[in-house]
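Report on the structure given below.
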Amino acid sequence: MSQTFADVRLFVRQFQQRFYTTGAVLPSGRALSRELARYVRQPATGAPAGRRILEVGPGTGPATDWIARGMQPDDTFDLVEINEQFVEHLRRRFASEPHLSAVSDRTRILCQSIEALNGEASYDVIVSGLPLNNFSVPEVENILANFRALLKPQGYCSFFEYIGIRRVKGLVVGKAERERLDGVNRAMQAFLTNEKERRPILFNVPPAWVHHVQRPSG
């Protein structure tokens, strides 16, 4: 499930045009993508049948591949992506690639932001590829609040961030940007109160942490 040249070319082009929402030079590597889909591929003990799965910011779909391959027969899958070019690319892939077309009748690809997605406590698993460290503090707080609201009790939210990225940026930027990064860090740490596990993915460009957060049952 390596990235095709077309995937990489499209991702690089969108990075150049829309760095703010793309957030990386290259698509997520194989190890990172696989880890993001851990709780789809390996359901937690007591996970329900017919899970609802959400991927936010799939880009060209490196983690989408692993999610689709890990889906059970009764699972359904929503993808939310604001970049129109990525949406069209994903729709072509779901129409043409066997492992994706096999689940296409249970999949929705939505060209919108997560804020436009309705449904309190709707999803058993959320996988996010959003570049949170690029966003303003209110945007990060709003996105994380949506993750909390959309996730069912005992459900899992998996997302990544590049190792040490806020610390490294903080050394070379001005005061306003450091304050933004500090605010993002506070919002992230508050969300990670319910972190189940954190896994380093060293064989990625750049290396990354994958966070798996479980919503409490209460």
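Letters A, B, ... mark the chains of the structure tokens in the order given; residue numbers begin at 1 per chain; ligand numbers begin at 1, in order shown.
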(request) Quick one: everything within 12 Å of Arg93 (chain A), counting only C-alpha atoms, minus sequence neighbours fewer than 4 positions away in the same chain. Send it as a list of chain:residue names. (result)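 Listed by chain and then number, they are A:Thr4, A:Ala6, A:Asp7, A:Thr60, A:Gly61, A:Pro62, A:Thr64, A:Asp65, A:Ala68, A:Phe86, A:Val87, A:Glu88, A:His89, A:Glu97, A:Pro98, A:His99, A:Leu100, A:Ser101, A:Ala102, A:Val103, A:Ser104, A:Ile109.
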Write to file, as a tab-separated table (two decimals), in the first residue's frame, the residues of the selection just made, with C-alpha atoms.
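Result file selection_13.tsv:
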```tsv
chain	number	residue	atom	x	y	z
A	4	THR	CA	1.64	6.09	-5.89
A	6	ALA	CA	0.10	10.45	-8.57
A	7	ASP	CA	-0.72	10.59	-4.84
A	60	THR	CA	-4.77	11.54	-0.70
A	61	GLY	CA	-5.77	8.61	1.52
A	62	PRO	CA	-2.70	6.83	2.98
A	64	THR	CA	-7.76	5.51	4.31
A	65	ASP	CA	-6.22	2.40	2.76
A	68	ALA	CA	-10.83	0.30	4.48
A	86	PHE	CA	-8.25	15.69	-2.51
A	87	VAL	CA	-11.99	14.92	-2.51
A	88	GLU	CA	-12.02	14.28	-6.25
A	89	HIS	CA	-8.89	12.16	-5.95
A	97	GLU	CA	-9.25	0.52	-6.52
A	98	PRO	CA	-10.60	-2.91	-5.48
A	99	HIS	CA	-9.97	-2.65	-1.72
A	100	LEU	CA	-11.70	0.76	-1.62
A	101	SER	CA	-14.54	0.00	-4.04
A	102	ALA	CA	-15.31	-3.06	-1.87
A	103	VAL	CA	-16.50	-0.67	0.88
A	104	SER	CA	-17.74	2.19	-1.31
A	109	ILE	CA	-16.84	11.31	1.11
```
Could you produce a table of the residues of region 192-213 of chain A lying within 12 Å of region 167-188 of chain A, with the nearest pair of atoms per residue and their separation in Å rounded to one decimal, using only C-alpha atoms, ordered by chain and increasing residue number, as a tab-separated table?
```
residue	atom	partner	partner_atom	distance
A:Leu192	CA	A:Met188	CA	6.1
A:Thr193	CA	A:Met188	CA	8.9
A:Asn194	CA	A:Met188	CA	11.0
A:Glu195	CA	A:Met188	CA	10.6
A:His211	CA	A:Met188	CA	10.5
A:Val213	CA	A:Met188	CA	11.2
```
Now that the selection is made, can you save its residues with N, CA, C and O atoms as a PDB file, in the first residue's frame?
```
ATOM      1  N   LEU A 192      -5.515  15.414  25.737  1.00  0.00           N
ATOM      2  CA  LEU A 192      -4.769  14.175  25.984  1.00  0.00           C
ATOM      3  C   LEU A 192      -4.915  13.664  27.408  1.00  0.00           C
ATOM      4  O   LEU A 192      -4.299  12.658  27.768  1.00  0.00           O
ATOM      5  N   THR A 193      -5.742  14.315  28.213  1.00  0.00           N
ATOM      6  CA  THR A 193      -6.018  13.813  29.560  1.00  0.00           C
ATOM      7  C   THR A 193      -6.522  12.381  29.510  1.00  0.00           C
ATOM      8  O   THR A 193      -6.240  11.573  30.405  1.00  0.00           O
ATOM      9  N   ASN A 194      -7.255  12.049  28.457  1.00  0.00           N
ATOM     10  CA  ASN A 194      -7.820  10.704  28.313  1.00  0.00           C
ATOM     11  C   ASN A 194      -7.037   9.856  27.312  1.00  0.00           C
ATOM     12  O   ASN A 194      -7.586   8.923  26.722  1.00  0.00           O
ATOM     13  N   GLU A 195      -5.752  10.182  27.144  1.00  0.00           N
ATOM     14  CA  GLU A 195      -4.934   9.401  26.219  1.00  0.00           C
ATOM     15  C   GLU A 195      -4.762   7.963  26.722  1.00  0.00           C
ATOM     16  O   GLU A 195      -4.374   7.726  27.862  1.00  0.00           O
ATOM     17  N   HIS A 211      -1.203   9.607  18.781  1.00  0.00           N
ATOM     18  CA  HIS A 211      -1.950   9.626  20.036  1.00  0.00           C
ATOM     19  C   HIS A 211      -3.262   8.864  19.855  1.00  0.00           C
ATOM     20  O   HIS A 211      -3.987   9.098  18.870  1.00  0.00           O
ATOM     21  N   VAL A 213      -6.662   8.426  21.918  1.00  0.00           N
ATOM     22  CA  VAL A 213      -7.431   8.972  23.052  1.00  0.00           C
ATOM     23  C   VAL A 213      -8.767   8.230  23.124  1.00  0.00           C
ATOM     24  O   VAL A 213      -9.456   8.081  22.103  1.00  0.00           O
TER      25      VAL A 213
END
```
(message) Residues near Ala149 (chain A), anyone? I mean within 8 Å using only C-alpha atoms, not counting same-chain ones fewer than 4 positions away, as a ChimeraX atom specification.
(response) /A:120-121,145
Please save C-alpha atoms of the selected residues as a compact mmCIF listing (two decimals), in the first residue's frame.
```txt
# COMPACT_ATOMS: atom_id res chain seq x y z
CA GLU A 120 -23.63 13.98 18.92
CA ALA A 121 -21.72 10.84 20.00
CA ALA A 145 -14.27 19.91 20.98
```
(message) Quick one: residues within 9 Å of Phe147 (chain A), only C-alpha atoms, excluding same-chain residues fewer than 3 positions away - as a ChimeraX atom specification?
(response) /A:114,126,142-144,150-151,157
Okay, now the selection with all heavy atoms, as a PDB file, in the first residue's frame?
```pdb
ATOM      1  N   ILE A 114     -15.075  19.602   9.592  1.00  0.00           N
ATOM      2  CA  ILE A 114     -15.651  18.782  10.663  1.00  0.00           C
ATOM      3  C   ILE A 114     -16.728  19.559  11.415  1.00  0.00           C
ATOM      4  O   ILE A 114     -17.686  18.964  11.921  1.00  0.00           O
ATOM      5  CB  ILE A 114     -14.554  18.283  11.630  1.00  0.00           C
ATOM      6  CG1 ILE A 114     -15.155  17.284  12.639  1.00  0.00           C
ATOM      7  CG2 ILE A 114     -13.846  19.431  12.323  1.00  0.00           C
ATOM      8  CD1 ILE A 114     -14.134  16.648  13.545  1.00  0.00           C
ATOM      9  N   ILE A 126     -12.528   7.658  15.442  1.00  0.00           N
ATOM     10  CA  ILE A 126     -12.189   8.840  14.651  1.00  0.00           C
ATOM     11  C   ILE A 126     -10.695   8.808  14.381  1.00  0.00           C
ATOM     12  O   ILE A 126      -9.886   8.634  15.297  1.00  0.00           O
ATOM     13  CB  ILE A 126     -12.568  10.140  15.383  1.00  0.00           C
ATOM     14  CG1 ILE A 126     -14.079  10.227  15.610  1.00  0.00           C
ATOM     15  CG2 ILE A 126     -12.078  11.363  14.592  1.00  0.00           C
ATOM     16  CD1 ILE A 126     -14.511  11.438  16.434  1.00  0.00           C
ATOM     17  N   ASN A 142     -11.689  24.264  18.882  1.00  0.00           N
ATOM     18  CA  ASN A 142     -12.962  23.912  18.256  1.00  0.00           C
ATOM     19  C   ASN A 142     -12.912  22.526  17.637  1.00  0.00           C
ATOM     20  O   ASN A 142     -13.856  21.728  17.767  1.00  0.00           O
ATOM     21  CB  ASN A 142     -13.313  24.953  17.193  1.00  0.00           C
ATOM     22  CG  ASN A 142     -14.736  24.809  16.694  1.00  0.00           C
ATOM     23  OD1 ASN A 142     -15.656  24.563  17.464  1.00  0.00           O
ATOM     24  ND2 ASN A 142     -14.919  24.944  15.389  1.00  0.00           N
ATOM     25  N   ILE A 143     -11.815  22.207  16.958  1.00  0.00           N
ATOM     26  CA  ILE A 143     -11.664  20.879  16.349  1.00  0.00           C
ATOM     27  C   ILE A 143     -11.673  19.797  17.417  1.00  0.00           C
ATOM     28  O   ILE A 143     -12.373  18.780  17.294  1.00  0.00           O
ATOM     29  CB  ILE A 143     -10.367  20.814  15.521  1.00  0.00           C
ATOM     30  CG1 ILE A 143     -10.495  21.677  14.264  1.00  0.00           C
ATOM     31  CG2 ILE A 143     -10.038  19.366  15.135  1.00  0.00           C
ATOM     32  CD1 ILE A 143      -9.187  21.926  13.552  1.00  0.00           C
ATOM     33  N   LEU A 144     -10.911  19.992  18.487  1.00  0.00           N
ATOM     34  CA  LEU A 144     -10.859  18.996  19.553  1.00  0.00           C
ATOM     35  C   LEU A 144     -12.209  18.859  20.254  1.00  0.00           C
ATOM     36  O   LEU A 144     -12.599  17.752  20.646  1.00  0.00           O
ATOM     37  CB  LEU A 144      -9.758  19.348  20.553  1.00  0.00           C
ATOM     38  CG  LEU A 144      -8.329  19.340  19.989  1.00  0.00           C
ATOM     39  CD1 LEU A 144      -7.330  19.751  21.063  1.00  0.00           C
ATOM     40  CD2 LEU A 144      -7.962  17.975  19.424  1.00  0.00           C
ATOM     41  N   LEU A 150     -18.316  14.199  18.866  1.00  0.00           N
ATOM     42  CA  LEU A 150     -18.684  13.195  17.866  1.00  0.00           C
ATOM     43  C   LEU A 150     -18.346  11.775  18.294  1.00  0.00           C
ATOM     44  O   LEU A 150     -18.888  10.808  17.738  1.00  0.00           O
ATOM     45  CB  LEU A 150     -17.974  13.506  16.539  1.00  0.00           C
ATOM     46  CG  LEU A 150     -18.459  14.750  15.796  1.00  0.00           C
ATOM     47  CD1 LEU A 150     -17.493  15.122  14.684  1.00  0.00           C
ATOM     48  CD2 LEU A 150     -19.855  14.520  15.227  1.00  0.00           C
ATOM     49  N   LEU A 151     -17.456  11.630  19.264  1.00  0.00           N
ATOM     50  CA  LEU A 151     -17.001  10.303  19.667  1.00  0.00           C
ATOM     51  C   LEU A 151     -17.959   9.690  20.683  1.00  0.00           C
ATOM     52  O   LEU A 151     -18.370  10.328  21.647  1.00  0.00           O
ATOM     53  CB  LEU A 151     -15.602  10.423  20.278  1.00  0.00           C
ATOM     54  CG  LEU A 151     -14.767   9.149  20.409  1.00  0.00           C
ATOM     55  CD1 LEU A 151     -14.481   8.548  19.036  1.00  0.00           C
ATOM     56  CD2 LEU A 151     -13.454   9.464  21.130  1.00  0.00           C
ATOM     57  N   CYS A 157     -10.204   8.107  19.461  1.00  0.00           N
ATOM     58  CA  CYS A 157      -9.766   9.132  18.513  1.00  0.00           C
ATOM     59  C   CYS A 157      -8.264   9.017  18.354  1.00  0.00           C
ATOM     60  O   CYS A 157      -7.520   9.094  19.341  1.00  0.00           O
ATOM     61  CB  CYS A 157     -10.143  10.525  19.009  1.00  0.00           C
ATOM     62  SG  CYS A 157      -9.558  11.866  17.936  1.00  0.00           S
TER      63      CYS A 157
END
```
(request) Identify all residues of region 32-213 of chain A in strand (DSSP E or B) (DSSP on the backbone) and supply them as a count of residues only. (result) 45
(message) Let me make sure I understand: among A:Ser28, A:Asn83, A:Thr76, A:Thr45, which one has the smallest atom-to-atom distance to Gly155 (chain A) if we use only C-alpha atoms?
(response) A:Thr45
(request) Identify, on the basis of only C-alpha atoms, every residue whose closest approach to Gly129 (chain A) does not exceed 10 Å; exclude the query and any residue fewer than 3 positions from it along the same chain; express the result as a PyMOL selection string. (result) chain A and resi 22-23+27-28+33+36+55-59+61-63+81+132+158-161
Could you take the residues named above and write them with all heavy atoms, as a short mmCIF file (atom, residue, chain, number, x, y, z; two decimals), in the first residue's frame?
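Contents of again.cif, freshly written:
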```cif
data_model
loop_
_atom_site.label_atom_id
_atom_site.label_comp_id
_atom_site.auth_asym_id
_atom_site.auth_seq_id
_atom_site.Cartn_x
_atom_site.Cartn_y
_atom_site.Cartn_z
N THR A 22 -2.79 21.79 4.53
CA THR A 22 -2.15 20.52 4.17
C THR A 22 -1.14 20.13 5.23
O THR A 22 -1.16 19.00 5.73
CB THR A 22 -1.48 20.62 2.79
OG1 THR A 22 -2.47 21.01 1.83
CG2 THR A 22 -0.87 19.30 2.39
N GLY A 23 -0.22 21.03 5.59
CA GLY A 23 0.57 20.88 6.80
C GLY A 23 1.77 19.97 6.74
O GLY A 23 2.51 19.83 7.70
N PRO A 27 2.82 12.92 1.95
CA PRO A 27 1.76 12.18 2.64
C PRO A 27 2.34 11.34 3.76
O PRO A 27 3.53 11.02 3.78
CB PRO A 27 1.18 11.29 1.53
CG PRO A 27 1.66 11.87 0.24
CD PRO A 27 2.96 12.54 0.54
N SER A 28 1.48 10.97 4.71
CA SER A 28 1.92 10.12 5.82
C SER A 28 2.47 8.80 5.29
O SER A 28 1.92 8.21 4.35
CB SER A 28 0.74 9.83 6.75
OG SER A 28 0.23 11.02 7.30
N SER A 33 0.54 5.70 8.82
CA SER A 33 -0.83 5.47 8.36
C SER A 33 -1.42 4.22 9.01
O SER A 33 -2.58 4.20 9.43
CB SER A 33 -0.85 5.32 6.84
OG SER A 33 -0.36 6.49 6.22
N LEU A 36 -2.27 4.92 12.67
CA LEU A 36 -3.47 5.75 12.81
C LEU A 36 -4.74 4.90 12.75
O LEU A 36 -5.74 5.20 13.40
CB LEU A 36 -3.51 6.82 11.73
CG LEU A 36 -2.61 8.04 11.94
CD1 LEU A 36 -2.51 8.86 10.66
CD2 LEU A 36 -3.10 8.89 13.10
N GLU A 55 -12.98 9.54 9.27
CA GLU A 55 -11.63 10.04 9.02
C GLU A 55 -11.73 11.52 8.66
O GLU A 55 -12.49 11.90 7.77
CB GLU A 55 -10.94 9.27 7.89
CG GLU A 55 -9.49 9.70 7.71
CD GLU A 55 -8.73 8.95 6.64
OE1 GLU A 55 -9.37 8.20 5.86
OE2 GLU A 55 -7.50 9.10 6.57
N VAL A 56 -10.95 12.33 9.35
CA VAL A 56 -10.97 13.77 9.16
C VAL A 56 -9.65 14.19 8.53
O VAL A 56 -8.57 13.88 9.06
CB VAL A 56 -11.16 14.50 10.51
CG1 VAL A 56 -11.29 16.00 10.28
CG2 VAL A 56 -12.38 13.97 11.25
N GLY A 57 -9.70 14.89 7.41
CA GLY A 57 -8.49 15.31 6.73
C GLY A 57 -7.71 14.16 6.14
O GLY A 57 -6.51 14.03 6.40
N PRO A 58 -8.33 13.30 5.32
CA PRO A 58 -7.62 12.14 4.77
C PRO A 58 -6.57 12.47 3.73
O PRO A 58 -5.70 11.64 3.44
CB PRO A 58 -8.75 11.30 4.16
CG PRO A 58 -9.83 12.29 3.85
CD PRO A 58 -9.76 13.30 4.96
N GLY A 59 -6.64 13.66 3.12
CA GLY A 59 -5.67 13.99 2.08
C GLY A 59 -5.82 13.06 0.89
O GLY A 59 -6.93 12.84 0.38
N GLY A 61 -5.23 9.87 1.05
CA GLY A 61 -5.77 8.61 1.52
C GLY A 61 -4.80 7.56 2.00
O GLY A 61 -5.14 6.38 1.97
N PRO A 62 -3.59 7.89 2.49
CA PRO A 62 -2.70 6.83 2.98
C PRO A 62 -3.27 6.06 4.16
O PRO A 62 -3.17 4.83 4.22
CB PRO A 62 -1.42 7.58 3.36
CG PRO A 62 -1.82 9.01 3.54
CD PRO A 62 -2.96 9.23 2.59
N ALA A 63 -3.90 6.75 5.13
CA ALA A 63 -4.53 6.04 6.25
C ALA A 63 -5.86 5.43 5.82
O ALA A 63 -6.29 4.40 6.37
CB ALA A 63 -4.74 6.98 7.43
N GLU A 81 -13.24 16.06 4.24
CA GLU A 81 -12.06 16.70 3.66
C GLU A 81 -12.49 18.02 3.02
O GLU A 81 -13.44 18.05 2.23
CB GLU A 81 -11.43 15.77 2.61
CG GLU A 81 -10.32 16.37 1.79
CD GLU A 81 -9.14 16.84 2.62
OE1 GLU A 81 -8.49 15.99 3.28
OE2 GLU A 81 -8.88 18.06 2.62
N LEU A 132 -2.86 20.06 13.18
CA LEU A 132 -3.32 20.93 14.27
C LEU A 132 -2.32 22.02 14.62
O LEU A 132 -2.71 23.12 15.02
CB LEU A 132 -3.64 20.09 15.50
CG LEU A 132 -4.81 19.10 15.36
CD1 LEU A 132 -4.96 18.28 16.63
CD2 LEU A 132 -6.10 19.84 15.03
N SER A 158 -7.81 8.81 17.13
CA SER A 158 -6.38 8.66 16.84
C SER A 158 -5.92 9.80 15.93
O SER A 158 -6.55 10.07 14.90
CB SER A 158 -6.12 7.32 16.16
OG SER A 158 -6.54 6.24 16.98
N PHE A 159 -4.84 10.46 16.32
CA PHE A 159 -4.29 11.54 15.50
C PHE A 159 -2.79 11.61 15.72
O PHE A 159 -2.25 10.96 16.62
CB PHE A 159 -4.95 12.88 15.83
CG PHE A 159 -4.66 13.41 17.21
CD1 PHE A 159 -3.69 14.39 17.41
CD2 PHE A 159 -5.34 12.94 18.33
CE1 PHE A 159 -3.41 14.88 18.68
CE2 PHE A 159 -5.08 13.42 19.60
CZ PHE A 159 -4.11 14.39 19.78
N PHE A 160 -2.10 12.38 14.90
CA PHE A 160 -0.64 12.43 15.01
C PHE A 160 -0.15 13.87 15.06
O PHE A 160 -0.85 14.81 14.70
CB PHE A 160 0.02 11.70 13.83
CG PHE A 160 0.03 12.48 12.54
CD1 PHE A 160 1.13 13.23 12.17
CD2 PHE A 160 -1.07 12.46 11.70
CE1 PHE A 160 1.14 13.95 10.98
CE2 PHE A 160 -1.08 13.17 10.52
CZ PHE A 160 0.05 13.92 10.15
N GLU A 161 1.07 14.00 15.53
CA GLU A 161 1.80 15.26 15.44
C GLU A 161 3.27 14.93 15.31
O GLU A 161 3.73 13.89 15.79
CB GLU A 161 1.55 16.16 16.65
CG GLU A 161 1.97 15.55 17.97
CD GLU A 161 1.84 16.54 19.11
OE1 GLU A 161 1.97 17.76 18.86
OE2 GLU A 161 1.62 16.10 20.25
#
```
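In terms of minimum interatomic distance to Glu197 (chain A), A:Arg38 ranks closest within A:Ile165, A:Arg38, A:Leu32, A:Ala116, counting only C-alpha atoms.
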(request) Taking the chain letters and numbering used in this document, name the residues of region 3-218 of chain A that DSSP puts in helix (DSSP H, G or I), as a PyMOL selection string. (result) chain A and resi 5-17+19-22+30-36+38-41+62-70+84-96+98-101+104-106+114-116+132-134+137-150+165-172+175-194
(message) Could you check the closest approach to Ile53 (chain A) for each of A:Ser113, A:Ser217, A:Thr107, A:Asn146 and tell me which residue wins, using only C-alpha atoms?
(response)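 Using only C-alpha atoms, the shortest distance to Ile53 (chain A) belongs to A:Thr107.
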(request) Would you mind listing what lies within 7 Å of Ala37 (chain A) as a PyMOL selection string, with only C-alpha atoms counted and same-chain residues fewer than 6 positions away left out? (result) chain A and resi 63+66-67+127
Ala44 (chain A) surroundings by only C-alpha atoms, 12 Å radius, close-in-sequence under 6 positions cut, as a PDB file with all heavy atoms, in the first residue's frame:
```pdb
ATOM      1  N   ARG A  38      -5.072   1.857  13.834  1.00  0.00           N
ATOM      2  CA  ARG A  38      -4.949   0.724  14.755  1.00  0.00           C
ATOM      3  C   ARG A  38      -6.298   0.249  15.289  1.00  0.00           C
ATOM      4  O   ARG A  38      -6.588  -0.950  15.339  1.00  0.00           O
ATOM      5  CB  ARG A  38      -4.045   1.115  15.932  1.00  0.00           C
ATOM      6  CG  ARG A  38      -4.084   0.136  17.110  1.00  0.00           C
ATOM      7  CD  ARG A  38      -3.135   0.548  18.207  1.00  0.00           C
ATOM      8  NE  ARG A  38      -1.761   0.414  17.781  1.00  0.00           N
ATOM      9  CZ  ARG A  38      -1.064  -0.735  17.862  1.00  0.00           C
ATOM     10  NH1 ARG A  38      -1.620  -1.814  18.346  1.00  0.00           N
ATOM     11  NH2 ARG A  38       0.186  -0.771  17.463  1.00  0.00           N
ATOM     12  N   ARG A  51     -19.647  -0.752  13.474  1.00  0.00           N
ATOM     13  CA  ARG A  51     -19.046   0.499  13.941  1.00  0.00           C
ATOM     14  C   ARG A  51     -19.208   1.616  12.913  1.00  0.00           C
ATOM     15  O   ARG A  51     -19.234   1.383  11.710  1.00  0.00           O
ATOM     16  CB  ARG A  51     -17.553   0.294  14.213  1.00  0.00           C
ATOM     17  CG  ARG A  51     -17.227  -0.704  15.303  1.00  0.00           C
ATOM     18  CD  ARG A  51     -15.731  -0.988  15.325  1.00  0.00           C
ATOM     19  NE  ARG A  51     -15.292  -1.529  14.038  1.00  0.00           N
ATOM     20  CZ  ARG A  51     -14.009  -1.684  13.694  1.00  0.00           C
ATOM     21  NH1 ARG A  51     -13.051  -1.326  14.523  1.00  0.00           N
ATOM     22  NH2 ARG A  51     -13.691  -2.200  12.519  1.00  0.00           N
ATOM     23  N   ASP A 124     -17.634   5.493  16.573  1.00  0.00           N
ATOM     24  CA  ASP A 124     -16.879   4.581  17.432  1.00  0.00           C
ATOM     25  C   ASP A 124     -15.377   4.807  17.307  1.00  0.00           C
ATOM     26  O   ASP A 124     -14.635   4.590  18.269  1.00  0.00           O
ATOM     27  CB  ASP A 124     -17.205   3.130  17.060  1.00  0.00           C
ATOM     28  CG  ASP A 124     -18.677   2.807  17.246  1.00  0.00           C
ATOM     29  OD1 ASP A 124     -19.090   2.614  18.404  1.00  0.00           O
ATOM     30  OD2 ASP A 124     -19.418   2.763  16.240  1.00  0.00           O
ATOM     31  N   VAL A 125     -14.933   5.208  16.121  1.00  0.00           N
ATOM     32  CA  VAL A 125     -13.509   5.480  15.876  1.00  0.00           C
ATOM     33  C   VAL A 125     -13.399   6.739  15.030  1.00  0.00           C
ATOM     34  O   VAL A 125     -14.092   6.872  14.012  1.00  0.00           O
ATOM     35  CB  VAL A 125     -12.810   4.311  15.144  1.00  0.00           C
ATOM     36  CG1 VAL A 125     -11.324   4.610  14.964  1.00  0.00           C
ATOM     37  CG2 VAL A 125     -12.998   2.996  15.886  1.00  0.00           C
ATOM     38  N   GLN A 154     -16.406   5.389  25.226  1.00  0.00           N
ATOM     39  CA  GLN A 154     -15.511   4.248  25.015  1.00  0.00           C
ATOM     40  C   GLN A 154     -14.921   4.210  23.601  1.00  0.00           C
ATOM     41  O   GLN A 154     -14.160   3.296  23.277  1.00  0.00           O
ATOM     42  CB  GLN A 154     -16.197   2.918  25.322  1.00  0.00           C
ATOM     43  CG  GLN A 154     -16.641   2.763  26.777  1.00  0.00           C
ATOM     44  CD  GLN A 154     -15.448   2.734  27.733  1.00  0.00           C
ATOM     45  OE1 GLN A 154     -14.596   1.865  27.648  1.00  0.00           O
ATOM     46  NE2 GLN A 154     -15.403   3.688  28.643  1.00  0.00           N
ATOM     47  N   GLY A 155     -15.284   5.190  22.760  1.00  0.00           N
ATOM     48  CA  GLY A 155     -14.716   5.246  21.423  1.00  0.00           C
ATOM     49  C   GLY A 155     -13.306   5.799  21.431  1.00  0.00           C
ATOM     50  O   GLY A 155     -12.844   6.391  22.414  1.00  0.00           O
ATOM     51  N   TYR A 156     -12.598   5.626  20.307  1.00  0.00           N
ATOM     52  CA  TYR A 156     -11.201   6.039  20.191  1.00  0.00           C
ATOM     53  C   TYR A 156     -11.019   7.115  19.134  1.00  0.00           C
ATOM     54  O   TYR A 156     -11.601   7.035  18.041  1.00  0.00           O
ATOM     55  CB  TYR A 156     -10.317   4.845  19.820  1.00  0.00           C
ATOM     56  CG  TYR A 156     -10.003   3.948  20.989  1.00  0.00           C
ATOM     57  CD1 TYR A 156     -10.863   2.921  21.348  1.00  0.00           C
ATOM     58  CD2 TYR A 156      -8.863   4.153  21.758  1.00  0.00           C
ATOM     59  CE1 TYR A 156     -10.587   2.096  22.430  1.00  0.00           C
ATOM     60  CE2 TYR A 156      -8.575   3.337  22.843  1.00  0.00           C
ATOM     61  CZ  TYR A 156      -9.447   2.322  23.172  1.00  0.00           C
ATOM     62  OH  TYR A 156      -9.160   1.516  24.260  1.00  0.00           O
ATOM     63  N   LYS A 196      -5.047   7.011  25.830  1.00  0.00           N
ATOM     64  CA  LYS A 196      -4.898   5.596  26.152  1.00  0.00           C
ATOM     65  C   LYS A 196      -3.468   5.129  25.925  1.00  0.00           C
ATOM     66  O   LYS A 196      -2.899   4.393  26.729  1.00  0.00           O
ATOM     67  CB  LYS A 196      -5.852   4.771  25.288  1.00  0.00           C
ATOM     68  CG  LYS A 196      -5.841   3.282  25.567  1.00  0.00           C
ATOM     69  CD  LYS A 196      -6.525   2.964  26.874  1.00  0.00           C
ATOM     70  CE  LYS A 196      -6.695   1.457  27.047  1.00  0.00           C
ATOM     71  NZ  LYS A 196      -7.386   1.120  28.311  1.00  0.00           N
ATOM     72  N   HIS A 212      -3.569   7.979  20.794  1.00  0.00           N
ATOM     73  CA  HIS A 212      -4.847   7.272  20.802  1.00  0.00           C
ATOM     74  C   HIS A 212      -5.583   7.689  22.087  1.00  0.00           C
ATOM     75  O   HIS A 212      -5.158   7.364  23.200  1.00  0.00           O
ATOM     76  CB  HIS A 212      -4.641   5.762  20.811  1.00  0.00           C
ATOM     77  CG  HIS A 212      -3.921   5.247  19.590  1.00  0.00           C
ATOM     78  ND1 HIS A 212      -4.482   5.262  18.333  1.00  0.00           N
ATOM     79  CD2 HIS A 212      -2.679   4.698  19.442  1.00  0.00           C
ATOM     80  CE1 HIS A 212      -3.630   4.727  17.467  1.00  0.00           C
ATOM     81  NE2 HIS A 212      -2.540   4.394  18.111  1.00  0.00           N
ATOM     82  N   GLN A 214      -9.136   7.781  24.310  1.00  0.00           N
ATOM     83  CA  GLN A 214     -10.407   7.094  24.494  1.00  0.00           C
ATOM     84  C   GLN A 214     -11.367   7.966  25.293  1.00  0.00           C
ATOM     85  O   GLN A 214     -11.019   8.478  26.353  1.00  0.00           O
ATOM     86  CB  GLN A 214     -10.216   5.765  25.216  1.00  0.00           C
ATOM     87  CG  GLN A 214     -11.490   4.931  25.335  1.00  0.00           C
ATOM     88  CD  GLN A 214     -11.281   3.594  26.009  1.00  0.00           C
ATOM     89  OE1 GLN A 214     -10.391   3.441  26.843  1.00  0.00           O
ATOM     90  NE2 GLN A 214     -12.094   2.609  25.653  1.00  0.00           N
TER      91      GLN A 214
END
```
